[in-house]
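Student: For reference, the structure I am asking about is given below.
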Amino acid sequence: DFEAADRHYSEALENDCKISSSARVAVLCNRAFARLQQSDWAGAEKDASRTLEEGPEEKLRVKALFRRGLAREALGLLEAADVDLNLAVKAAPTNQGILTAARRVRESLPPRPRAAWVPGQPYHTAAVHGLAEAIPGAVKGYLQTQEHVCIRFPNHMGIQAHERTGGLVSIRQTLGAPQQA
């Protein structure tokens with residue numbers, strides 16, 4: 001009887017001075033489960049979140065992530081549920097219940113737009129230069145004898161802006177040590 005379990009867990013939490021902090025975390029996590037079984041999604045999400053705030057041991061952390069993910073899925077918070085369930089999958093990759101829930105939520109999410117670099121795509125030179133100036137550690141310069149500016153980003157990726165064609169060329173080889181133009 002999950003209603004009775006919920007009441008008992010709530011009573012234990014009200015008398016919180018009589019239980020250790022590790023027991024309190026376990027009671028919160030168990031009440032989250034009882035509330036999931038009663039379709040009290042908001043209560044389950046709140047209890048699982050409180051469990052995670054306490055920094056539980058790994059096994060309880062995985063249970064709390066799973067339970068919060070299920071509650072958030074039921075509340076329609078699919079992005080947040082996806083994050084929780086994927087964290088739980090990383091910690092317990094063989095748990096079929098977690099894997100099934102993570103797949104179900106991922107399939108329910110709207111497709112994410114994929115950012116793609118398209119060779120020859122038009123651009124505005126000023127926007128490319130503005131991007132380079134906005135990213136700390138980006139360096140503008142030139143490659144050997146070429147007249148078009150090359151921008152190297154801190155992750156060692158680079159682009160070369162061809163002003164005549166309005167296209168970008170990805171620089172794939174290592175550019176060497178950054179040099180100021």
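Starting from 1 in every chain, residues are counted up; chains themselves are A, B, ... following the order of the structure tokens, and ligands are numbered from 1 as listed.
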Can you tell me which residues surround segment 21-32 of chain A at a distance of at most 10 Å, considering only C-alpha atoms, apart from same-chain residues fewer than 3 positions away, and format the answer as a ChimeraX atom specification?

Tutor: /A:2-3,5-10,12-13,15-18,35-38,40-57,60-61,63-65,67-68,71

Student: Which residues come within 10 Å of Val83 of chain A, counting only C-alpha atoms, excluding same-chain residues fewer than 5 positions away, as a ChimeraX atom specification?

Tutor: /A:65,69,78,88-89,102,105-106

Student: Just to be explicit: take each residue in the selection above, keep all heavy atoms, and write the result as a compact mmCIF listing (two decimals), in the first residue's frame.

Tutor:
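The resulting file, result_29.txt, is shown below:
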```txt
# COMPACT_ATOMS: atom_id res chain seq x y z
N LEU A 65 17.97 9.90 -9.48
CA LEU A 65 17.96 10.42 -10.86
C LEU A 65 16.89 9.72 -11.69
O LEU A 65 16.16 10.36 -12.45
CB LEU A 65 19.33 10.23 -11.51
CG LEU A 65 20.42 11.19 -11.08
CD1 LEU A 65 21.79 10.70 -11.54
CD2 LEU A 65 20.15 12.59 -11.61
N GLY A 69 13.69 11.52 -13.12
CA GLY A 69 13.50 11.47 -14.56
C GLY A 69 12.10 10.98 -14.93
O GLY A 69 11.44 11.54 -15.81
N LEU A 78 10.30 17.01 -20.63
CA LEU A 78 11.07 15.99 -21.33
C LEU A 78 12.56 16.28 -21.41
O LEU A 78 13.38 15.36 -21.29
CB LEU A 78 10.49 15.76 -22.72
CG LEU A 78 9.05 15.23 -22.75
CD1 LEU A 78 8.58 15.05 -24.18
CD2 LEU A 78 8.93 13.93 -21.98
N ALA A 88 21.66 8.85 -15.16
CA ALA A 88 21.46 7.55 -14.52
C ALA A 88 22.02 6.42 -15.40
O ALA A 88 22.63 5.48 -14.89
CB ALA A 88 19.97 7.32 -14.25
N VAL A 89 21.85 6.53 -16.72
CA VAL A 89 22.39 5.51 -17.64
C VAL A 89 23.91 5.48 -17.56
O VAL A 89 24.51 4.40 -17.57
CB VAL A 89 21.92 5.77 -19.09
CG1 VAL A 89 22.73 4.97 -20.10
CG2 VAL A 89 20.45 5.45 -19.25
N ALA A 102 15.04 5.94 -20.65
CA ALA A 102 15.85 6.93 -21.37
C ALA A 102 15.54 6.90 -22.86
O ALA A 102 15.42 7.96 -23.49
CB ALA A 102 17.34 6.67 -21.12
N VAL A 105 12.02 8.47 -23.48
CA VAL A 105 12.04 9.94 -23.38
C VAL A 105 12.74 10.53 -24.58
O VAL A 105 12.27 11.50 -25.18
CB VAL A 105 12.69 10.40 -22.05
CG1 VAL A 105 12.99 11.88 -22.07
CG2 VAL A 105 11.78 10.05 -20.88
N ARG A 106 13.88 9.96 -24.97
CA ARG A 106 14.65 10.48 -26.11
C ARG A 106 13.80 10.46 -27.38
O ARG A 106 13.82 11.38 -28.18
CB ARG A 106 15.93 9.66 -26.28
CG ARG A 106 16.84 10.06 -27.40
CD ARG A 106 17.37 11.48 -27.35
NE ARG A 106 18.07 11.88 -26.17
CZ ARG A 106 19.38 11.87 -25.99
NH1 ARG A 106 20.16 11.45 -26.96
NH2 ARG A 106 19.91 12.29 -24.88
```

Student: With distances taken over only C-alpha atoms, which of A:Ile135, A:Asp82, A:Arg103, A:Lys140 is nearest to Pro154 of chain A?

Tutor: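 Of the candidates, the smallest distance to Pro154 of chain A is held by A:Ile135.
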
Student: Could you tell me which of A:Ser20, A:Lys59, A:Ala138, A:Leu70 comes closest to Ser39 of chain A if we count only C-alpha atoms?

Tutor: A:Leu70

Student: What separation in Å, quoted to one decimal, exists between atom CA of Ala132 of chain A and atom CA of Phe153 of chain A?

Tutor: 7.5 Å

Student: How many Å separate atom CA of Ala4 of chain A from atom CA of Ala34 of chain A?

Tutor: 9.1 Å

Student: Hey, what's within 7 Å of Val62 of chain A if we count only C-alpha atoms and toss same-chain stuff fewer than 4 positions away? As a list of chain:residue names, please?

Tutor: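 Residues near the query, excluding close chain neighbours: A:Glu58, A:Phe66, A:Ala88, A:Ala91.
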
Student: When distances are computed from only C-alpha atoms, which of A:Pro93, A:Glu11, A:Leu109, A:Ile98 shows the smallest separation from Ala80 of chain A?

Tutor: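 Of A:Pro93, A:Glu11, A:Leu109, A:Ile98, the one nearest Ala80 of chain A is A:Leu109, counting only C-alpha atoms.
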